[in-house]
Amino acid sequence: MSVVTVQLGQCGNQVGHELFDAVCGDAQDGQRKTYSSVSCERFFRPNTRGDPVARAVLIDMETKVINQSITKAAKSGRWRYGDKSSFSQKQGSGNNWANGYCVHGPRHREVVEDLVRREVEHCDRLAGLVAVMSVAGGTGSGVGTYVTQCLRDVFPKSFILNHLTWPYGTGEVIVQNYNSVLTLAHLYQLSDGILVHENDTVHRICSHLLKIKNISFSDINRVIAHQLGSVLQPALTADSHGLYSRNPLGELVSALACHPEYKLLSVSTIPQMPTSSIAYSTFSWPGLLKHLRQMLISNSKMEEGIDWQVRPPTGSEPTRGLTGSNFNTSLANLLILRGKDVYSAETGGFVDPALYTSWLLPEEAFTLWKSPVPFNRYEKAATLVSNSQALLRPLDDMVRKAWNMFASRAYLHQYAKFGISEEDFLVSFTCLEQVISSYRELS
Amino acid sequence: MTQSVVVQVGQCGNQVGCRFWDLALREHAHVNKKGIYDEALSSFFRNVDSRKSSGRACDVGGRIQHLKARAVLVDMEEGVVNEILQGPLREVFDSTQLLTDVSGSGNNWAVGHMTYGSAYRDQIVDKLRKTAEQCDCLQCFFLIHSMGGGTGSGLGTRVLSLLEEEFPEVCRIVTSVYPSVEDDVVTSPYNSVLAMRELTEHADCVLPVENQSLVDIMNKIRHMSHCGKAGSMINRDSAIISGQGGLNRAEKPFDAMNNIVANLLLNITSSARFEGSLNMDLNEIAMNLVPFPRLHYLVPSLTPLYTLSDFSIPTRRLDQMFSDAFSKDHQLIQADPKHSLYLACALMVRGHVQVSDLRRNIERLKPSLPFVSWNQEGWKTGLCSVPPVGHSHSLLALANNTCVKPTFMELKKRFTRLYRKKAHLHHYLHVDGMEKSCFTEALASLTSLIEEYHDLDCTKGKLSPDVPRLTITR
Ligand SMILES: Nc1nc2c(ncn2[C@@H]2O[C@H](COP(=O)(O)OP(=O)(O)OP(=O)(O)O)[C@@H](O)[C@H]2O)c(=O)[nH]1
Ligand SMILES: Nc1nc2c(ncn2[C@@H]2O[C@H](COP(=O)(O)OP(=O)(O)OP(=O)(O)O)[C@@H](O)[C@H]2O)c(=O)[nH]1
Ligand SMILES: [Mg+2]
Ligand SMILES: [Mg+2]
């Protein structure tokens with residue numbers, strides 16, 4: 001089964017490019033025939049010359065980024081984008097969600113739907129759609145939201161996953177919190193799952209774990225692509241009977257997004273280190289999983305600086321508040337193990353009822369995927385996709401900052417110009433306060 | 001790719017404009033070695049095949065034939081424009097892009113705005129439309145003018161409202177040269193205050209530039225280049241007052257100062273012309289920096305002012321560039337942003353600079369810069385990979401900051417001093433269409449603008465608690 005990716009805006013097109021580069025590199029590395037061909041079918045289709053063509057649609061309201069991504073892909077010599085898979089305009093959405101959602105989106109609806117439909121027709125069977133975008137700009141966020149809405153209409157039965165890049169806290173876009181609030185509130189009604197990478201977190205991974213000195217967006221995107229790739233590459237699931245699972249999106253969604261009020265998914269991967277060190281390092285599954293579990297419960301996205309003091313609240317412990325304050329309660333977790341000796345890995349620590357909210361059985365809340373094929377040159381790698389309180393704090397910050405700005409009425413005229421009123425903002429704020437409150441109540 | 005049109009009005013507008021065109025050509029020649037008419041060039045230039053009599057424009061991708069500026073030149077006297085037509089830039093303009101009269105506005109805003117504004121209205125609109133039609137996606141008008149004279153301030157602001165009427169969707173960024181305190185134009189306070197009202201009401205963004213600041217920067221660079229030790233020699237082409245490598249040979253009095261303003265315009269448009277890992281389009285400027293429609297005055301600062309010929313110690317120098325952008329003596333108006341209140345701030349970086357450099361410097365500088373309570377993270381950043389000629393990197397900071405207030409108050413003071421004595425008033429009131437109320441309304445507009453900045457200023461340093469959030473009832 002295949003996944004069609006829709007790349008939107010600068011961030012979406014840059015992250016998307018890295019994702020294809022990562023999965024292509026991973027699949028072509030080594031001699032695992034089945035793995036390679038499943039991965040290839042999932043993300044690529046052959047063109048007439050037999051070269052892999054990404055199952056992707058590229059959309060931006062300006063040309064520069066798309067041209068760059070297409071050229072870079074072609075230069076790699078390993079894969080390319082489709083000749084007629086992109087749509088761009090001349091002038092971006094100017095960081096204005098309203099401009100993207102109310103003007104550009106509707107204006108180009110047909111062209112975009114057509115491109116996606118054509119890409120979907122290239123698939124023998126469609127597993128679902130992934131829309132890749134940032135929430136801070138105008139195109140990825142605004143057009144991206146609008147396009148997601150269209151896709152929902154056109155493919156009512158398909159899974160739609162949104163991959164969102166959340167902005168740096170101190171942003172590159174001043175109205176980023178407004179754009180984020182509008183995007184998230186709308187996507188919450190449309191998407192099957194919202195997978196989030198925060199730029200601040202990924203930036204820290206680049207500097208602390210990968211020891212990169214001058215971090216560029218390509219470095220950041222490679223980390224995102226690595227994590228995303230390790231989620232989406234072929235794996236064996238509980239009911240796939242020793243074969244690679246057919247529908248990564250469907251299974252991901254059914255494993256994690258089990259409730260319409262809880263759709264925010266975060267990802268962490270272990271280990272991550274400079275490429276030059278990988279060859280000299282050895283890992284054991286117990287060690288990796290112990291760290292990953294502590295990363296989960298202490299809500300740390302990096303193995304460095306994990307807070308080992310945080311422990312799950314036990315029923316007998318009267319001081320739940322003490323350990324509980326930093327404890328990250330999960331609704332559902334998906335653990336993906338790749339590499340050597342995966343079958344021997346002991347994952348019982350993740351089935352601990354103390355990790356989860358009380359109203360779900362841990363056996364329902366925990367899902368495990370495995371693949372014996374080492375991923376992206378790591379001999380062993382574990383990735384955890386978590387529907388937990390991990391994103392509560394950044395979401396709350398986003399809403400708080402946007403709300404403070406909203407109270408001063410700053411920048412609202414820029415949105416009103418394109419038809420987004422104060423009332424529209426209020427509806428979005430209300431929706432997200434609801435989400436925040438739901439996640440708070442998990443613990 | 002989008003296009004922009006420059007509208008230069010009056011002596012100052014045209015002289016600054018010409019420096020812009022010269023340095024823009026220099027910059028593109030530096031980047032574009034193959035002689036191909038590319039997207040970047042197309043944003044400010046048409047490529048015209050002169051062999052074809054129709055002078056039809058050629059598409060992007062072909063060889064450079066004849067570059068024509070996307071510009072409209074307006075002056076109500078002939079001197080400056082004629083000089084341009086005899087100078088090295090004459091090829092860049094067509095006679096159809098020019099509009100002149102013979103007698104000037106005599107440093108009288110009313111003559112420019114009312115008399116010439118009405119007489120030339122149709123011709124101006126016609127030229128603007130023609131230029132706009134030659135663009136396939138017109139994004140922005142850059143208006144350049146001075147505040148002190150009659151034509152630039154009067155007719156220039158008239159053109160501004162024509163732009164709003166005719167092209168409401170196209171962004172209007174105005175570069176306004178403010179008179180120094182010892183300006184030789186006696187009526188400059190009148191002209192400036194009358195023009196201010198128009199700018200406040202009809203521009204999307206205004207980049208104020210003060211002649212005194214340009215002079216100070218020029219002197220500073222000249223001083224540095226005279227006392228250079230070996231290794232700290234200034235790379236001559238890099239100084240932002242330098243026009244070396246351009247077409248223009250003979251330097252005129254204002255040229256060095258105008259080169260600074262030309263560099264401002266080059267840098268503000270660089271991200272729209274060249275690629276980068278974090279593009280900043282022109283329509284993002286107002287979106288991010290203008291929280292309230294009238295408060296759209298953005299104080300520019302350019303760093304570095306020059307590059308030393310010795311390229312070593314790059315990191316320290318890079319960080320220095322960021323620090324300098326906030327210091328008083330790098331601002332293009334007489335103002336001290338660090339000790340006033342930021343509403344928002346953009347950093348537009350060119351050259352070999354990464355996000356991590358941006359992040360490091362924002363983190364480093366943030367604690368010393370006061371931001372308004374609801375915009376504590378009011379930073380907008382852009383990364384363009386092509387540096388300016390002669391530099392490895394550069395930074396343009398645009399600050400929406402209450403530090404513009406003193407400049408406006410000074411202007412108001414000088415206006416009031418004249419107005420109380422009714423000095424020169426009759427020259428204005430003679431003019432058809434000009435009434436006393438124009439003065440009082442312009443003054444009221446400036447007064448309320450000052451108050452708006454003042455009210456924000458008063459919030460500085462006060463802790464404002466978070467606004468109570470919506471509560472969810474279940
Ligand atoms: N991780 C990552 N983030 C990026 C990248 N490019 C931009 N961003 C982030 O995306 C946000 C800005 O949105 P963009 O994607 O550039 O905007 P856009 O969707 O093109 O929208 P407009 O340019 O406003 O039309 C900021 O939060 C940036 O940090 C990238 O390549 N990688
Ligand atoms: N920076 C700079 N300032 C200039 C230049 N030319 C004139 N000025 C300033 O502009 C103001 C005078 O306005 P001008 O532009 O000469 O006047 P004008 O728009 O041609 O109007 P009239 O001559 O009255 O028709 C004074 O403050 C001058 O100092 C220039 O080339 N560069
Ligand atoms: Mg963009
Ligand atoms: Mg003149």
# chains A, B, ... in the order shown; residues from 1 in each chain; ligands from 1

$ interface_residues --of "chain A" --to "chain B" --cutoff "7 Å" --atoms "only C-alpha atoms" --output "list in words"
Glu62, Thr63, Lys64, Lys90, Gln91, Gly94, Asn95, Thr170, Gly171, Glu172, Val173, Ile174, Val175, Asn214, Ile215, Ser216, Phe217, Asn404, Met405, Ala410, Tyr411, Gln414, Thr430, Glu433 and Gln434 of chain A

$ residues_near_ligand --ligand "ligand 4" --cutoff "6 Å" --atoms "only C-alpha atoms and all ligand atoms" --output "JSON list (two decimals) with all heavy atoms, in the first residue's frame"
[["chain", "number", "residue", "atom", "x", "y", "z"],
["B", 10, "GLY", "N", 10.72, 63.99, -6.65],
["B", 10, "GLY", "CA", 11.49, 65.14, -6.17],
["B", 10, "GLY", "C", 12.99, 64.92, -6.27],
["B", 10, "GLY", "O", 13.45, 63.86, -6.69],
["B", 11, "GLN", "N", 13.73, 65.96, -5.91],
["B", 11, "GLN", "CA", 15.19, 65.89, -6.04],
["B", 11, "GLN", "C", 15.77, 64.74, -5.22],
["B", 11, "GLN", "O", 16.50, 63.90, -5.73],
["B", 11, "GLN", "CB", 15.80, 67.21, -5.57],
["B", 11, "GLN", "CG", 17.31, 67.13, -5.44],
["B", 11, "GLN", "CD", 17.94, 68.47, -5.08],
["B", 11, "GLN", "OE1", 17.40, 69.53, -5.40],
["B", 11, "GLN", "NE2", 19.09, 68.43, -4.46],
["B", 104, "GLY", "N", 9.44, 73.49, -10.34],
["B", 104, "GLY", "CA", 9.56, 72.97, -8.97],
["B", 104, "GLY", "C", 8.41, 73.43, -8.09],
["B", 104, "GLY", "O", 7.57, 74.23, -8.49]]

$ residues_near_ligand --ligand "ligand 3" --cutoff "6 Å" --atoms "only C-alpha atoms and all ligand atoms" --output "list in words"
Gly9, Gln10 and Gly92 of chain A

$ write_last_selection --atoms "N, CA, C and O atoms" --output "mmCIF file, in the first residue's frame"
data_model
loop_
_atom_site.group_PDB
_atom_site.id
_atom_site.type_symbol
_atom_site.label_atom_id
_atom_site.label_comp_id
_atom_site.auth_asym_id
_atom_site.auth_seq_id
_atom_site.Cartn_x
_atom_site.Cartn_y
_atom_site.Cartn_z
ATOM 1 N N GLY A 9 4.075 24.710 1.599
ATOM 2 C CA GLY A 9 4.860 25.841 2.104
ATOM 3 C C GLY A 9 6.342 25.526 2.168
ATOM 4 O O GLY A 9 6.785 24.430 1.826
ATOM 5 N N GLN A 10 7.112 26.497 2.615
ATOM 6 C CA GLN A 10 8.563 26.341 2.655
ATOM 7 C C GLN A 10 8.970 25.174 3.541
ATOM 8 O O GLN A 10 9.716 24.287 3.130
ATOM 9 N N GLY A 92 4.006 34.461 -1.974
ATOM 10 C CA GLY A 92 3.641 33.695 -0.779
ATOM 11 C C GLY A 92 2.443 34.287 -0.048
ATOM 12 O O GLY A 92 1.909 35.320 -0.438
#

$ residues_around --residues "Ser158 of chain A" --least-positions-apart "6" --cutoff "9 Å" --atoms "only C-alpha atoms" --output "compact mmCIF listing (two decimals) with N, CA, C and O atoms, in the first residue's frame"
# COMPACT_ATOMS: atom_id res chain seq x y z
N LEU A 126 -4.27 2.77 -1.78
CA LEU A 126 -3.89 3.94 -1.01
C LEU A 126 -4.01 3.66 0.49
O LEU A 126 -5.07 3.27 0.97
N ALA A 127 -2.89 3.84 1.20
CA ALA A 127 -2.95 3.68 2.65
C ALA A 127 -3.47 4.97 3.29
O ALA A 127 -4.15 4.93 4.31
N GLY A 128 -3.14 6.09 2.69
CA GLY A 128 -3.61 7.35 3.24
C GLY A 128 -2.73 8.51 2.79
O GLY A 128 -1.85 8.34 1.96
N LEU A 129 -3.03 9.67 3.35
CA LEU A 129 -2.34 10.88 2.93
C LEU A 129 -1.63 11.51 4.12
O LEU A 129 -2.14 11.51 5.24
N LEU A 151 -9.11 17.54 1.10
CA LEU A 151 -8.77 16.13 1.03
C LEU A 151 -9.79 15.30 1.82
O LEU A 151 -10.18 14.21 1.41
N ARG A 152 -10.19 15.85 2.95
CA ARG A 152 -11.20 15.17 3.76
C ARG A 152 -12.47 14.93 2.93
O ARG A 152 -13.07 13.87 2.98
N GLY A 250 -3.05 3.73 8.80
CA GLY A 250 -4.23 3.21 9.47
C GLY A 250 -3.88 2.61 10.81
O GLY A 250 -4.54 2.86 11.82

$ atom_distance --atom1 "atom CA of Ala69 of chain B" --atom2 "atom CA of Trp21 of chain B"
7.5 Å

$ residues_near_ligand --ligand "ligand 2" --cutoff "8 Å" --atoms "only C-alpha atoms and all ligand atoms" --output "ChimeraX atom specification"
/B:9-16,75-77,103-109,112,145-154,156,177-180,183-185,188,210-211,214,253-255,257-258,261

$ write_last_selection --atoms "C-alpha atoms" --output "PDB file, in the first residue's frame"
ATOM      1  CA  VAL B   9       9.652  61.820  -6.474  1.00  0.00           C
ATOM      2  CA  GLY B  10      11.491  65.140  -6.167  1.00  0.00           C
ATOM      3  CA  GLN B  11      15.190  65.893  -6.036  1.00  0.00           C
ATOM      4  CA  CYS B  12      15.976  63.716  -3.072  1.00  0.00           C
ATOM      5  CA  GLY B  13      13.776  60.869  -4.272  1.00  0.00           C
ATOM      6  CA  ASN B  14      15.438  60.828  -7.655  1.00  0.00           C
ATOM      7  CA  GLN B  15      18.958  61.132  -6.352  1.00  0.00           C
ATOM      8  CA  VAL B  16      18.483  58.332  -3.857  1.00  0.00           C
ATOM      9  CA  ASP B  75      10.098  65.794 -10.420  1.00  0.00           C
ATOM     10  CA  MET B  76       8.560  69.200 -10.897  1.00  0.00           C
ATOM     11  CA  GLU B  77      11.811  70.639 -12.092  1.00  0.00           C
ATOM     12  CA  SER B 103       9.549  75.297 -11.988  1.00  0.00           C
ATOM     13  CA  GLY B 104       9.561  72.973  -8.970  1.00  0.00           C
ATOM     14  CA  SER B 105       7.298  73.253  -5.974  1.00  0.00           C
ATOM     15  CA  GLY B 106       9.367  75.901  -4.247  1.00  0.00           C
ATOM     16  CA  ASN B 107       9.612  73.957  -1.021  1.00  0.00           C
ATOM     17  CA  ASN B 108       5.873  74.194  -0.684  1.00  0.00           C
ATOM     18  CA  TRP B 109       3.938  71.037   0.131  1.00  0.00           C
ATOM     19  CA  GLY B 112       3.269  69.739  -4.863  1.00  0.00           C
ATOM     20  CA  HIS B 145      10.998  61.016  -1.362  1.00  0.00           C
ATOM     21  CA  SER B 146      12.106  63.679   1.086  1.00  0.00           C
ATOM     22  CA  MET B 147       9.868  65.229   3.697  1.00  0.00           C
ATOM     23  CA  GLY B 148      11.400  68.682   3.637  1.00  0.00           C
ATOM     24  CA  GLY B 149      10.926  70.006   0.078  1.00  0.00           C
ATOM     25  CA  GLY B 150       7.764  70.642  -1.878  1.00  0.00           C
ATOM     26  CA  THR B 151       7.670  68.060  -4.620  1.00  0.00           C
ATOM     27  CA  GLY B 152       8.817  64.957  -2.767  1.00  0.00           C
ATOM     28  CA  SER B 153       6.717  65.623   0.287  1.00  0.00           C
ATOM     29  CA  GLY B 154       3.683  67.154  -1.431  1.00  0.00           C
ATOM     30  CA  GLY B 156       5.084  62.282  -3.336  1.00  0.00           C
ATOM     31  CA  VAL B 177      14.167  61.275   4.163  1.00  0.00           C
ATOM     32  CA  TYR B 178      13.536  63.503   7.177  1.00  0.00           C
ATOM     33  CA  PRO B 179      15.222  66.893   7.380  1.00  0.00           C
ATOM     34  CA  SER B 180      17.970  67.487   9.921  1.00  0.00           C
ATOM     35  CA  ASP B 183      17.921  71.993   7.394  1.00  0.00           C
ATOM     36  CA  ASP B 184      18.268  74.793   4.872  1.00  0.00           C
ATOM     37  CA  VAL B 185      14.599  74.622   3.911  1.00  0.00           C
ATOM     38  CA  SER B 188      10.512  71.941   6.051  1.00  0.00           C
ATOM     39  CA  GLU B 210      17.303  61.227   8.850  1.00  0.00           C
ATOM     40  CA  ASN B 211      19.960  63.146   7.011  1.00  0.00           C
ATOM     41  CA  LEU B 214      23.461  59.509   7.330  1.00  0.00           C
ATOM     42  CA  PRO B 253      27.637  65.700  -2.697  1.00  0.00           C
ATOM     43  CA  PHE B 254      24.747  63.511  -1.550  1.00  0.00           C
ATOM     44  CA  ASP B 255      25.995  60.298  -3.178  1.00  0.00           C
ATOM     45  CA  MET B 257      24.718  59.411   2.023  1.00  0.00           C
ATOM     46  CA  ASN B 258      22.339  58.158  -0.613  1.00  0.00           C
ATOM     47  CA  VAL B 261      19.702  54.434   1.707  1.00  0.00           C
TER      48      VAL B 261
END

$ select_by_dssp --residues "segment 120-253 of chain A" --states "strand (DSSP E)" --output "PyMOL selection string"
chain A and resi 126-134+159-166+193-198

$ decode --residues "segment 149-178 of chain A" --atoms "N, CA and C atoms" --output "mmCIF file, in the first residue's frame"
data_model
loop_
_atom_site.group_PDB
_atom_site.id
_atom_site.type_symbol
_atom_site.label_atom_id
_atom_site.label_comp_id
_atom_site.auth_asym_id
_atom_site.auth_seq_id
_atom_site.Cartn_x
_atom_site.Cartn_y
_atom_site.Cartn_z
ATOM 1 N N GLN A 149 -8.794 20.152 4.497
ATOM 2 C CA GLN A 149 -10.259 20.152 4.453
ATOM 3 C C GLN A 149 -10.769 19.581 3.124
ATOM 4 N N CYS A 150 -10.135 19.989 2.020
ATOM 5 C CA CYS A 150 -10.540 19.476 0.700
ATOM 6 C C CYS A 150 -10.281 17.974 0.617
ATOM 7 N N LEU A 151 -9.112 17.541 1.103
ATOM 8 C CA LEU A 151 -8.773 16.130 1.026
ATOM 9 C C LEU A 151 -9.792 15.302 1.816
ATOM 10 N N ARG A 152 -10.190 15.851 2.947
ATOM 11 C CA ARG A 152 -11.198 15.172 3.760
ATOM 12 C C ARG A 152 -12.465 14.933 2.933
ATOM 13 N N ASP A 153 -12.848 15.943 2.130
ATOM 14 C CA ASP A 153 -14.038 15.806 1.284
ATOM 15 C C ASP A 153 -13.826 14.817 0.149
ATOM 16 N N VAL A 154 -12.662 14.926 -0.489
ATOM 17 C CA VAL A 154 -12.423 14.118 -1.686
ATOM 18 C C VAL A 154 -12.144 12.652 -1.316
ATOM 19 N N PHE A 155 -11.455 12.454 -0.213
ATOM 20 C CA PHE A 155 -11.118 11.083 0.205
ATOM 21 C C PHE A 155 -11.690 10.819 1.601
ATOM 22 N N PRO A 156 -13.007 10.744 1.682
ATOM 23 C CA PRO A 156 -13.627 10.673 3.011
ATOM 24 C C PRO A 156 -13.207 9.445 3.800
ATOM 25 N N LYS A 157 -12.796 8.388 3.100
ATOM 26 C CA LYS A 157 -12.489 7.154 3.829
ATOM 27 C C LYS A 157 -11.005 6.962 4.086
ATOM 28 N N SER A 158 -10.186 7.842 3.520
ATOM 29 C CA SER A 158 -8.741 7.642 3.681
ATOM 30 C C SER A 158 -8.247 8.235 4.988
ATOM 31 N N PHE A 159 -7.148 7.666 5.473
ATOM 32 C CA PHE A 159 -6.528 8.243 6.652
ATOM 33 C C PHE A 159 -5.761 9.493 6.257
ATOM 34 N N ILE A 160 -5.917 10.519 7.062
ATOM 35 C CA ILE A 160 -5.144 11.735 6.816
ATOM 36 C C ILE A 160 -4.341 12.063 8.070
ATOM 37 N N LEU A 161 -3.022 12.054 7.876
ATOM 38 C CA LEU A 161 -2.129 12.404 8.976
ATOM 39 C C LEU A 161 -1.515 13.757 8.650
ATOM 40 N N ASN A 162 -1.507 14.658 9.634
ATOM 41 C CA ASN A 162 -0.815 15.929 9.413
ATOM 42 C C ASN A 162 0.505 15.910 10.167
ATOM 43 N N HIS A 163 1.573 16.178 9.439
ATOM 44 C CA HIS A 163 2.844 16.361 10.137
ATOM 45 C C HIS A 163 3.111 17.851 10.269
ATOM 46 N N LEU A 164 3.173 18.317 11.506
ATOM 47 C CA LEU A 164 3.328 19.746 11.737
ATOM 48 C C LEU A 164 4.674 20.067 12.361
ATOM 49 N N THR A 165 5.304 21.106 11.850
ATOM 50 C CA THR A 165 6.486 21.645 12.509
ATOM 51 C C THR A 165 6.050 22.842 13.331
ATOM 52 N N TRP A 166 6.274 22.749 14.630
ATOM 53 C CA TRP A 166 5.929 23.873 15.504
ATOM 54 C C TRP A 166 7.106 24.817 15.585
ATOM 55 N N PRO A 167 6.822 26.102 15.631
ATOM 56 C CA PRO A 167 7.899 27.095 15.547
ATOM 57 C C PRO A 167 8.776 27.142 16.792
ATOM 58 N N TYR A 168 9.944 27.707 16.619
ATOM 59 C CA TYR A 168 10.763 28.060 17.774
ATOM 60 C C TYR A 168 9.925 28.956 18.689
ATOM 61 N N GLY A 169 10.129 28.823 19.998
ATOM 62 C CA GLY A 169 9.409 29.677 20.946
ATOM 63 C C GLY A 169 9.606 31.144 20.623
ATOM 64 N N THR A 170 10.857 31.500 20.444
ATOM 65 C CA THR A 170 11.137 32.850 19.964
ATOM 66 C C THR A 170 11.257 32.721 18.469
ATOM 67 N N GLY A 171 10.250 33.280 17.787
ATOM 68 C CA GLY A 171 10.032 32.783 16.446
ATOM 69 C C GLY A 171 10.702 33.539 15.349
ATOM 70 N N GLU A 172 10.527 32.986 14.196
ATOM 71 C CA GLU A 172 10.928 33.689 12.989
ATOM 72 C C GLU A 172 9.729 34.424 12.427
ATOM 73 N N VAL A 173 8.586 34.147 12.994
ATOM 74 C CA VAL A 173 7.373 34.814 12.524
ATOM 75 C C VAL A 173 6.667 35.363 13.760
ATOM 76 N N ILE A 174 6.333 36.642 13.737
ATOM 77 C CA ILE A 174 5.805 37.268 14.943
ATOM 78 C C ILE A 174 4.376 36.834 15.227
ATOM 79 N N VAL A 175 3.611 36.630 14.165
ATOM 80 C CA VAL A 175 2.220 36.231 14.354
ATOM 81 C C VAL A 175 2.093 34.700 14.402
ATOM 82 N N GLN A 176 3.197 34.029 14.719
ATOM 83 C CA GLN A 176 3.178 32.571 14.660
ATOM 84 C C GLN A 176 2.154 31.949 15.600
ATOM 85 N N ASN A 177 1.930 32.559 16.754
ATOM 86 C CA ASN A 177 0.983 31.938 17.676
ATOM 87 C C ASN A 177 -0.457 32.065 17.178
ATOM 88 N N TYR A 178 -0.770 33.175 16.545
ATOM 89 C CA TYR A 178 -2.087 33.292 15.908
ATOM 90 C C TYR A 178 -2.253 32.214 14.832
#
